[in-house]
>>> print(open('final17.txt').read())   # compact mmCIF, C-alpha atoms and all ligand atoms
# COMPACT_ATOMS: atom_id res chain seq x y z
CA MET A 1 41.95 -16.30 33.65
CA LYS A 2 41.78 -20.00 32.90
CA GLY A 3 39.61 -21.41 30.12
CA ALA A 4 37.25 -22.93 32.69
CA GLU A 5 36.62 -19.49 34.22
CA ALA A 6 35.70 -18.10 30.83
CA PHE A 7 33.09 -20.85 30.50
CA GLN A 8 31.79 -20.15 34.01
CA GLU A 9 31.15 -16.56 32.95
CA LEU A 10 29.75 -17.33 29.52
CA ILE A 11 27.39 -20.20 30.15
CA PRO A 12 24.93 -18.41 32.47
CA LEU A 13 24.54 -15.77 29.73
CA ILE A 14 23.31 -18.37 27.23
CA LYS A 15 19.53 -18.87 27.29
CA ASP A 16 17.91 -21.01 24.58
CA GLU A 17 20.33 -20.20 21.77
CA PRO A 18 21.82 -23.03 19.68
CA VAL A 19 25.54 -23.38 20.50
CA VAL A 20 28.04 -25.16 18.26
CA HIS A 21 31.24 -26.21 20.05
CA ALA A 22 34.69 -26.82 18.61
CA ASN A 23 36.26 -30.18 19.34
CA GLY A 24 38.50 -31.10 22.24
CA PHE A 25 38.38 -29.43 25.63
CA ILE A 26 35.84 -26.86 24.48
CA CYS A 27 33.14 -29.54 24.14
CA ARG A 28 34.15 -31.19 27.38
CA GLU A 29 34.25 -28.01 29.46
CA SER A 30 30.85 -26.85 28.26
CA PHE A 31 29.30 -30.32 28.61
CA THR A 32 30.60 -30.68 32.16
CA LEU A 33 29.48 -27.24 33.31
CA LYS A 34 26.03 -27.40 31.76
CA ASP A 35 24.75 -29.95 29.30
CA ARG A 36 21.94 -28.61 27.10
CA LYS A 37 19.95 -30.13 24.25
CA ALA A 38 20.69 -27.08 22.10
CA ASN A 39 24.43 -27.76 22.41
CA PHE A 40 26.06 -29.31 19.38
CA TYR A 41 29.23 -31.04 20.52
CA MET A 42 31.51 -31.47 17.51
CA ILE A 43 33.85 -34.23 18.59
CA GLY A 44 35.78 -34.58 15.31
CA SER A 45 36.03 -32.50 12.13
CA MET A 46 38.42 -29.97 13.65
CA GLY A 47 37.90 -26.49 12.20
CA LEU A 48 34.30 -26.96 11.13
CA ALA A 49 32.40 -25.58 14.15
CA SER A 50 32.39 -22.17 12.46
CA SER A 51 30.98 -23.43 9.15
CA ILE A 52 28.39 -25.59 10.95
CA GLY A 53 27.35 -22.52 12.95
CA LEU A 54 27.16 -20.47 9.75
CA GLY A 55 24.90 -23.10 8.15
CA VAL A 56 22.59 -23.08 11.17
CA ALA A 57 22.54 -19.26 11.28
CA LEU A 58 21.68 -18.94 7.58
CA CYS A 59 18.84 -21.47 7.82
CA LYS A 60 17.47 -20.21 11.16
CA PRO A 61 17.62 -16.44 10.79
CA ASP A 62 15.19 -15.98 13.70
CA LYS A 63 17.56 -17.58 16.23
CA LYS A 64 20.80 -16.19 17.63
CA VAL A 65 23.44 -18.83 16.94
CA ILE A 66 26.60 -19.07 19.05
CA VAL A 67 29.82 -20.76 18.02
CA ILE A 68 32.36 -21.48 20.76
CA ASP A 69 35.63 -22.05 18.97
CA GLY A 70 39.30 -22.57 19.82
CA ASP A 71 42.35 -20.77 18.43
CA GLY A 72 43.64 -23.96 16.78
CA ASN A 73 40.25 -24.62 15.23
CA VAL A 74 39.99 -21.06 13.91
CA LEU A 75 43.49 -21.18 12.45
CA MET A 76 42.66 -24.43 10.66
CA ALA A 77 39.67 -22.87 8.92
CA MET A 78 40.59 -19.22 8.61
CA GLY A 79 38.83 -19.01 5.26
CA THR A 80 35.56 -19.62 7.07
CA LEU A 81 35.97 -16.26 8.84
CA ALA A 82 35.83 -14.67 5.39
CA MET A 83 32.81 -16.76 4.45
CA ILE A 84 30.97 -15.70 7.61
CA ALA A 85 31.79 -12.05 6.95
CA ALA A 86 30.66 -12.36 3.32
CA GLU A 87 27.38 -14.08 4.13
CA ALA A 88 27.00 -11.68 7.06
CA PRO A 89 24.31 -13.41 9.13
CA GLU A 90 23.14 -10.86 11.71
CA ASN A 91 22.32 -13.67 14.13
CA LEU A 92 25.78 -15.23 14.50
CA ILE A 93 28.11 -14.73 17.46
CA HIS A 94 31.54 -16.29 17.14
CA VAL A 95 33.33 -16.72 20.46
CA VAL A 96 36.95 -17.88 20.50
CA ILE A 97 38.62 -19.28 23.59
CA ASP A 98 42.20 -18.38 22.75
CA ASN A 99 44.74 -20.14 24.97
CA GLU A 100 47.51 -19.91 22.32
CA VAL A 101 47.91 -23.69 22.39
CA TYR A 102 46.44 -26.92 21.15
CA GLU A 103 45.58 -27.79 24.68
CA SER A 104 43.57 -30.91 23.91
CA THR A 105 46.58 -32.65 22.41
CA GLY A 106 49.11 -31.65 25.07
CA SER A 107 49.40 -27.87 24.86
CA GLN A 108 51.66 -27.56 21.86
CA ARG A 109 51.92 -23.88 20.89
CA SER A 110 49.61 -22.52 18.21
CA ILE A 111 50.48 -19.36 16.30
CA SER A 112 47.74 -17.24 17.85
CA SER A 113 50.34 -15.67 20.15
CA LYS A 114 51.69 -14.01 17.00
CA VAL A 115 48.54 -13.55 14.95
CA ARG A 116 45.67 -11.51 16.36
CA LEU A 117 42.63 -13.51 15.39
CA GLU A 118 40.23 -10.71 16.29
CA GLU A 119 42.03 -8.47 13.78
CA VAL A 120 41.65 -11.14 11.13
CA ALA A 121 37.92 -11.30 11.88
CA ARG A 122 37.65 -7.51 11.80
CA SER A 123 39.41 -7.20 8.48
CA THR A 124 37.25 -9.86 6.84
CA GLY A 125 34.21 -7.79 7.77
CA TYR A 126 32.65 -9.05 11.01
CA LYS A 127 30.35 -6.28 12.23
CA ASN A 128 31.44 -6.02 15.87
CA VAL A 129 34.68 -7.41 17.24
CA LEU A 130 35.75 -7.44 20.88
CA ARG A 131 38.79 -8.82 22.66
CA VAL A 132 38.79 -9.43 26.42
CA GLU A 133 41.53 -10.60 28.72
CA LYS A 134 39.85 -10.35 32.11
CA ARG A 135 37.08 -12.48 33.48
CA GLU A 136 35.14 -9.40 34.66
CA GLU A 137 34.96 -8.11 31.07
CA ILE A 138 33.26 -11.16 29.59
CA LYS A 139 29.68 -10.49 30.63
CA ALA A 140 29.44 -6.95 29.31
CA ALA A 141 31.25 -7.85 26.09
CA PHE A 142 29.10 -10.89 25.36
CA LEU A 143 25.81 -9.11 26.12
CA LYS A 144 26.83 -6.18 23.95
CA LEU A 145 27.54 -8.52 21.03
CA LYS A 146 24.36 -10.48 21.64
CA GLY A 147 22.39 -7.25 21.51
CA SER A 148 23.86 -5.97 18.23
CA ALA A 149 23.43 -7.19 14.68
CA GLY A 150 26.27 -9.49 13.64
CA PRO A 151 28.18 -11.35 12.58
CA ASN A 152 30.00 -10.60 15.82
CA PHE A 153 33.30 -11.89 17.18
CA LEU A 154 34.47 -12.20 20.77
CA LEU A 155 38.02 -13.23 21.45
CA ILE A 156 38.69 -14.32 25.02
CA LYS A 157 42.37 -14.63 25.87
CA VAL A 158 42.87 -17.31 28.50
CA GLU A 159 45.75 -19.17 30.11
CA PRO A 160 46.10 -22.83 29.38
CA GLY A 161 45.34 -25.11 32.31
CA PHE A 162 42.46 -27.40 31.57
CA ASP A 163 41.61 -29.87 34.31
CA PRO A 164 42.04 -33.30 32.73
CA ALA A 165 39.51 -34.69 35.21
CA THR A 166 36.78 -32.81 33.31
CA GLY A 167 34.27 -35.27 31.90
CA ARG A 168 33.86 -36.33 28.32
CA VAL A 169 30.67 -35.93 26.33
CA THR A 170 28.70 -39.06 27.11
CA HIS A 171 26.03 -38.73 24.41
CA THR A 172 26.58 -40.65 21.20
CA PRO A 173 27.03 -38.54 18.07
CA GLU A 174 23.59 -39.65 16.85
CA GLU A 175 22.02 -38.54 20.12
CA ILE A 176 23.74 -35.17 19.80
CA THR A 177 22.19 -34.75 16.33
CA ASP A 178 18.68 -35.73 17.43
CA ARG A 179 18.55 -33.60 20.55
CA PHE A 180 20.03 -30.57 18.83
CA MET A 181 17.60 -30.79 15.92
CA GLN A 182 14.62 -31.15 18.24
CA ALA A 183 15.79 -28.32 20.47
CA ILE A 184 16.13 -25.83 17.63
CA ALA A 185 13.25 -27.00 15.40
CA MET B 1 8.97 -29.22 -14.33
CA ALA B 2 11.30 -30.84 -16.83
CA VAL B 3 12.33 -28.44 -19.54
CA SER B 4 13.02 -29.86 -22.96
CA VAL B 5 15.60 -28.22 -25.11
CA ILE B 6 16.56 -28.90 -28.66
CA SER B 7 20.28 -29.03 -29.24
CA ILE B 8 22.17 -29.49 -32.42
CA THR B 9 24.81 -32.21 -32.18
CA GLY B 10 27.14 -33.65 -34.77
CA LYS B 11 24.59 -36.37 -35.40
CA GLY B 12 21.82 -33.93 -36.09
CA LEU B 13 18.82 -32.84 -34.09
CA ASN B 14 18.67 -34.31 -30.60
CA VAL B 15 15.98 -33.81 -27.96
CA SER B 16 17.33 -33.85 -24.46
CA SER B 17 15.38 -33.37 -21.24
CA LEU B 18 18.24 -33.25 -18.73
CA THR B 19 19.63 -29.76 -18.61
CA SER B 20 21.32 -27.74 -15.89
CA LYS B 21 18.05 -25.87 -15.44
CA SER B 22 15.79 -28.90 -15.37
CA PHE B 23 18.11 -30.72 -12.96
CA ILE B 24 18.23 -27.84 -10.46
CA GLU B 25 14.45 -27.56 -10.71
CA ARG B 26 14.14 -31.28 -9.99
CA LEU B 27 16.39 -30.95 -6.92
CA ILE B 28 14.32 -28.07 -5.59
CA GLN B 29 11.18 -30.11 -6.23
CA GLU B 30 12.78 -32.91 -4.19
CA ASP B 31 13.04 -30.40 -1.34
CA TYR B 32 16.77 -29.72 -1.51
CA LYS B 33 16.87 -26.10 -0.46
CA PHE B 34 20.43 -25.22 0.57
CA PHE B 35 23.25 -25.30 -1.98
CA THR B 36 26.93 -24.69 -1.46
CA GLY B 37 30.24 -25.83 -2.89
CA VAL B 38 33.40 -24.95 -4.74
CA PRO B 39 33.09 -24.68 -8.54
CA CYS B 40 34.21 -27.06 -11.26
CA SER B 41 33.80 -26.27 -14.95
CA LEU B 42 31.78 -29.49 -15.32
CA LEU B 43 29.29 -28.08 -12.80
CA SER B 44 29.35 -24.49 -14.08
CA GLY B 45 25.95 -24.75 -15.74
CA LEU B 46 24.39 -25.94 -12.47
CA ILE B 47 25.96 -23.14 -10.44
CA TYR B 48 24.93 -20.61 -13.08
CA GLU B 49 21.31 -21.72 -12.66
CA LEU B 50 21.60 -21.55 -8.87
CA GLU B 51 22.96 -18.01 -9.08
CA ASP B 52 20.11 -16.94 -11.38
CA GLN B 53 18.16 -14.07 -9.84
CA ASN B 54 14.92 -15.98 -10.22
CA CYS B 55 16.23 -19.12 -8.57
CA GLU B 56 14.29 -19.68 -5.36
CA VAL B 57 17.13 -21.29 -3.42
CA ARG B 58 20.37 -19.89 -2.15
CA TYR B 59 23.85 -20.87 -3.31
CA VAL B 60 26.59 -20.07 -0.80
CA PRO B 61 30.03 -19.95 -2.42
CA SER B 62 32.32 -21.89 -0.10
CA VAL B 63 36.03 -21.30 0.34
CA ARG B 64 36.86 -24.99 0.65
CA GLU B 65 35.02 -28.24 0.21
CA ASP B 66 35.34 -29.28 3.86
CA ALA B 67 33.90 -25.93 4.94
CA ALA B 68 31.06 -26.62 2.50
CA VAL B 69 30.46 -29.92 4.31
CA GLY B 70 30.27 -27.93 7.56
CA LEU B 71 27.74 -25.56 5.99
CA CYS B 72 25.65 -28.50 4.78
CA VAL B 73 25.72 -30.04 8.25
CA GLY B 74 24.52 -26.77 9.79
CA ALA B 75 21.75 -26.45 7.21
CA TYR B 76 20.59 -30.01 7.85
CA LEU B 77 20.60 -29.51 11.63
CA ALA B 78 18.44 -26.45 11.04
CA GLY B 79 15.96 -28.53 9.05
CA THR B 80 17.01 -27.67 5.49
CA MET B 81 18.11 -30.41 3.08
CA PRO B 82 21.57 -29.54 1.70
CA VAL B 83 23.43 -30.12 -1.54
CA LEU B 84 27.22 -29.91 -1.90
CA LEU B 85 28.69 -29.31 -5.36
CA MET B 86 32.37 -30.01 -5.86
CA GLN B 87 35.11 -31.29 -8.12
CA ASN B 88 36.51 -34.71 -7.19
CA SER B 89 39.75 -32.92 -6.26
CA GLY B 90 37.81 -31.67 -3.23
CA LEU B 91 37.07 -35.18 -2.02
CA GLY B 92 40.32 -35.49 -0.08
CA TYR B 93 39.55 -32.31 1.84
CA CYS B 94 36.14 -33.74 2.75
CA LEU B 95 37.06 -37.20 3.93
CA ASN B 96 37.73 -36.20 7.54
CA ALA B 97 34.47 -34.26 7.62
CA PHE B 98 32.52 -37.18 6.16
CA THR B 99 34.09 -39.78 8.47
CA SER B 100 34.24 -37.82 11.73
CA LEU B 101 31.05 -35.81 11.26
CA ASN B 102 28.38 -36.92 8.74
CA LEU B 103 28.82 -40.67 8.99
CA ILE B 104 28.93 -40.91 12.79
CA TYR B 105 26.33 -38.21 13.56
CA LYS B 106 24.01 -39.55 10.84
CA ILE B 107 23.85 -36.26 9.00
CA PRO B 108 23.05 -36.68 5.31
CA ALA B 109 23.72 -34.48 2.29
CA LEU B 110 23.40 -34.83 -1.44
CA VAL B 111 26.89 -34.54 -2.93
CA ILE B 112 27.24 -33.67 -6.60
CA MET B 113 30.83 -34.45 -7.54
CA SER B 114 32.37 -33.91 -10.95
CA TRP B 115 34.62 -36.61 -12.39
CA ARG B 116 37.82 -35.06 -13.63
CA GLY B 117 40.56 -37.42 -14.75
CA LYS B 118 38.25 -40.10 -16.10
CA ALA B 119 40.14 -42.90 -17.88
CA GLY B 120 43.42 -41.05 -17.53
CA LYS B 121 42.38 -38.46 -20.07
CA ASP B 122 42.74 -35.10 -18.40
CA ALA B 123 45.29 -32.67 -17.03
CA PRO B 124 48.00 -34.38 -14.95
CA GLU B 125 46.72 -33.13 -11.61
CA HIS B 126 43.41 -34.94 -12.11
CA ILE B 127 44.64 -38.36 -13.21
CA ILE B 128 45.22 -40.04 -9.85
CA MET B 129 42.07 -38.74 -8.16
CA GLY B 130 40.06 -39.55 -11.27
CA ASP B 131 41.25 -43.11 -10.84
CA ILE B 132 40.68 -43.52 -7.09
CA ASP B 133 37.73 -41.31 -6.17
CA GLN B 134 35.12 -44.05 -6.40
CA GLU B 135 37.36 -46.40 -4.39
CA LEU B 136 37.71 -43.70 -1.73
CA LEU B 137 33.94 -43.33 -1.48
CA LYS B 138 33.51 -47.10 -1.27
CA THR B 139 36.24 -47.44 1.36
CA ALA B 140 34.51 -44.78 3.44
CA GLY B 141 31.26 -46.69 3.05
CA MET B 142 29.60 -43.93 1.06
CA GLU B 143 27.22 -44.88 -1.72
CA TYR B 144 27.19 -43.16 -5.08
CA SER B 145 25.86 -43.37 -8.62
CA ILE B 146 27.23 -42.08 -11.87
CA LEU B 147 24.49 -39.74 -13.03
CA SER B 148 23.15 -40.00 -16.57
CA GLU B 149 20.15 -38.72 -18.42
CA GLU B 150 18.65 -42.21 -18.41
CA ASN B 151 19.11 -43.02 -14.70
CA CYS B 152 18.41 -39.54 -13.33
CA GLU B 153 14.98 -40.25 -11.84
CA GLU B 154 16.07 -43.60 -10.47
CA VAL B 155 19.22 -42.28 -8.75
CA LEU B 156 17.39 -39.29 -7.33
CA LYS B 157 14.98 -41.75 -5.73
CA LYS B 158 17.84 -43.86 -4.42
CA ALA B 159 19.60 -40.79 -3.05
CA LYS B 160 16.42 -39.63 -1.33
CA GLN B 161 15.97 -43.02 0.26
CA LYS B 162 19.58 -43.09 1.58
CA ILE B 163 19.30 -39.53 2.84
CA CYS B 164 15.85 -39.75 4.46
CA ASN B 165 15.85 -43.31 5.76
CA GLU B 166 19.49 -44.03 6.55
CA LYS B 167 20.56 -40.41 7.10
CA LEU B 168 23.72 -40.90 5.09
CA PRO B 169 25.29 -38.75 2.38
CA TYR B 170 24.78 -39.87 -1.21
CA THR B 171 27.01 -38.86 -4.08
CA LEU B 172 26.05 -38.28 -7.70
CA ILE B 173 29.06 -38.35 -9.99
CA VAL B 174 28.88 -36.02 -12.98
CA GLU B 175 30.91 -36.75 -16.10
CA LYS B 176 32.07 -34.19 -18.60
CA GLY B 177 29.35 -33.31 -21.08
CA LEU B 178 26.36 -34.22 -18.90
CA PHE B 179 25.66 -30.58 -18.13
CA ASP B 180 26.52 -27.54 -20.18
CA GLU B 181 29.55 -25.47 -19.27
CA ARG B 182 29.15 -21.74 -18.91
CA ARG B 183 31.28 -18.77 -18.00
C1 LIG C 201 42.08 -32.73 11.52
C2 LIG C 201 42.54 -32.91 12.93
N1 LIG C 201 43.81 -32.64 13.25
C3 LIG C 201 44.21 -32.78 14.53
C4 LIG C 201 43.35 -33.20 15.50
C5 LIG C 201 43.80 -33.38 16.93
N2 LIG C 201 43.24 -32.33 17.78
C6 LIG C 201 42.12 -32.51 18.53
S1 LIG C 201 41.71 -31.17 19.44
C7 LIG C 201 43.05 -30.33 18.87
C8 LIG C 201 43.37 -28.96 19.37
C9 LIG C 201 42.35 -27.92 19.12
O1 LIG C 201 42.95 -26.70 19.45
P1 LIG C 201 42.09 -25.46 19.89
O2 LIG C 201 41.03 -25.20 18.91
O3 LIG C 201 43.04 -24.35 20.17
O4 LIG C 201 41.39 -25.95 21.24
P2 LIG C 201 42.07 -26.30 22.68
O5 LIG C 201 42.43 -27.73 22.65
O6 LIG C 201 43.25 -25.41 22.87
O7 LIG C 201 40.97 -26.02 23.67
C10 LIG C 201 43.79 -31.08 17.95
C11 LIG C 201 45.02 -30.62 17.30
C12 LIG C 201 42.02 -33.47 15.10
N3 LIG C 201 41.09 -33.87 15.97
N4 LIG C 201 41.66 -33.32 13.82
MG MG C 202 43.64 -23.58 21.95
>>> encode(input="final17.txt", output="structure tokens")
Amino acid sequence: MKGAEAFQELIPLIKDEPVVHANGFICRESFTLKDRKANFYMIGSMGLASSIGLGVALCKPDKKVIVIDGDGNVLMAMGTLAMIAAEAPENLIHVVIDNEVYESTGSQRSISSKVRLEEVARSTGYKNVLRVEKREEIKAAFLKLKGSAGPNFLLIKVEPGFDPATGRVTHTPEEITDRFMQAIA
Amino acid sequence: MAVSVISITGKGLNVSSLTSKSFIERLIQEDYKFFTGVPCSLLSGLIYELEDQNCEVRYVPSVREDAAVGLCVGAYLAGTMPVLLMQNSGLGYCLNAFTSLNLIYKIPALVIMSWRGKAGKDAPEHIIMGDIDQELLKTAGMEYSILSEENCEEVLKKAKQKICNEKLPYTLIVEKGLFDERR
């Protein structure tokens, strides 16, 4: 399964939940497939999608908050996995699109081929952890995690192969802030 | 509510109104409701107050200062005004977050940063950052004030104005001795 296919499965399952996206292709893929006001596109600050999502989840306990992260982003801020597990927001779902590379910068290898990120999440104390490798498994896994108290972690193993023709986020950073805040207020 | 305490100093009896407790109470009164950071001994009194059972706000211990910036950003997006407490040694970790997140997305935060290494009088690891931290803030275009008992009300007002009107982070620098140290 390619990363784009994972997004094609995931996005129809997202209703009005706030979604925080890691930088690079993850923002672009999601934006191109379906732009939503409740999408926060983090274009810089690599590694911080998870802590931003944690902040939203802690301050909006009545909303399910979704983080769509990348393996490189997670590896850069692995301590945040521990912070999420320690704060234990029931309303947080952490999805990782793991292509084992830094695809956005030219597909240099990351170390997630050697380190099982879902095991790291599990050992820090995430409540429910699932790993899927097939497109057909995504829906059931995501809905199961969405239906159970978190923090929950879904690792989706994908092959690299992002289409460089995919659009870039056209909103300005300020617009992203305003729309997101209004959408989740 | 400002709490007055009487402390004995070398010069005799001294009445001071800025304490860790009164300052945290002032921040809460100013509607700062989400606190996170990485500790510094100079800020230990403040964190102690935040961790007090009766404190009405939450302090989230962060693993790194840049992750604390992320937490603050999330809190702000969710409508809660955040405060980040850190040692100036954490400033380097935060610069990418400030420049590629807060400053361009117009996401404010109140930053309370301790000043280790002031005037070259500190442990070796603090000397260089103690010398350049204010220059780094200025270079990044981030405003700050050195907090004192006398200017406290004035800088809180200035910070609030920056945060609410311009949606930019504002830093209060805390020198050794301003707040009590606890363990
Ligand atoms: C601090 C920092 N270092 C490096 C970069 C360059 N960079 C942008 S996206 C990216 C890769 C992110 O990797 P991953 O999270 O695995 O997402 P993918 O690109 O594979 O979808 C890198 C290294 C950056 N933006 N910020
Ligand atoms: Mg990757």
>>> closest_atom_pairs(input="final17.txt", of="chain B", to="ligand LIG 201 (chain C)", cutoff="9 Å", atoms="only C-alpha atoms and all ligand atoms", output="CSV")
residue,atom,partner,partner_atom,distance
B:Asn96,CA,C:LIG201,C1,6.8
B:Ala97,CA,C:LIG201,C1,8.7
B:Ser100,CA,C:LIG201,N4,8.9
>>> interface_residues(input="final17.txt", of="chain A", to="chain B", cutoff="9 Å", atoms="all atoms listed in the file", output="PyMOL selection string")
chain A and resi 42-60+77+79-80+82-83+87+172-178+180-181+184-185
>>> residues_near_point(input="final17.txt", point="(44.5, -20.4, 24.9)", cutoff="6 Å", atoms="all atoms listed in the file", output="compact mmCIF listing (two decimals) with C-alpha atoms, in the coordinates of the input")
# COMPACT_ATOMS: atom_id res chain seq x y z
CA ASP A 98 42.20 -18.38 22.75
CA ASN A 99 44.74 -20.14 24.97
CA GLU A 100 47.51 -19.91 22.32
CA VAL A 101 47.91 -23.69 22.39
CA VAL A 158 42.87 -17.31 28.50
CA GLU A 159 45.75 -19.17 30.11
CA PRO A 160 46.10 -22.83 29.38
>>> residues_near_ligand(input="final17.txt", ligand="ligand MG 202 (chain C)", cutoff="10 Å", atoms="all atoms listed in the file", output="PyMOL selection string")
chain A and resi 3+24-26+69-75+96-105+107-112+157-160
>>> atom_distance(input="final17.txt", atom1="atom CA of B:Cys40", atom2="atom CA of B:Met86")
6.4 Å
>>> residues_around(input="final17.txt", residues="A:Arg28", least_positions_apart="5", cutoff="9 Å", atoms="only C-alpha atoms", output="PyMOL selection string")
chain A and resi 23+33+41+166-169
>>> write_last_selection(input="final17.txt", atoms="C-alpha atoms", output="compact mmCIF listing (two decimals), keeping the file's coordinate frame")
# COMPACT_ATOMS: atom_id res chain seq x y z
CA ASN A 23 36.26 -30.18 19.34
CA LEU A 33 29.48 -27.24 33.31
CA TYR A 41 29.23 -31.04 20.52
CA THR A 166 36.78 -32.81 33.31
CA GLY A 167 34.27 -35.27 31.90
CA ARG A 168 33.86 -36.33 28.32
CA VAL A 169 30.67 -35.93 26.33
>>> residues_around(input="final17.txt", residues="A:Leu145", least_positions_apart="5", cutoff="9 Å", atoms="all atoms listed in the file", output="ChimeraX atom specification")
/A:93,128-130,140,150-154
>>> atom_distance(input="final17.txt", atom1="atom CA of A:Glu133", atom2="atom CA of A:Lys63")
27.9 Å
>>> atom_distance(input="final17.txt", atom1="atom CA of A:Arg36", atom2="atom CA of A:Ile156")
22.1 Å
>>> closest_residue(input="final17.txt", among="A:Phe162, A:His21, A:Ala6, A:Ala88", to="A:Ala38", atoms="all atoms listed in the file")
A:His21
>>> axis_aligned_box(input="final17.txt", around="stretch 157-171 of chain B", padding_each_side="4 Å", output="AutoDock Vina command-line options")
--center_x 21.0 --center_y -41.4 --center_z 0.7 --size_x 20.0 --size_y 13.3 --size_z 20.8
>>> residues_around(input="final17.txt", residues="B:Leu147", least_positions_apart="2", cutoff="12 Å", atoms="all atoms listed in the file", output="VMD selection string")
chain B and resid 18 23 111 to 115 144 to 145 149 to 156 158 to 159 170 to 179
>>> closest_residue(input="final17.txt", among="B:Ser148, B:Cys55, B:Ser17, B:Gly37", to="B:Leu85", atoms="all atoms listed in the file")
B:Gly37
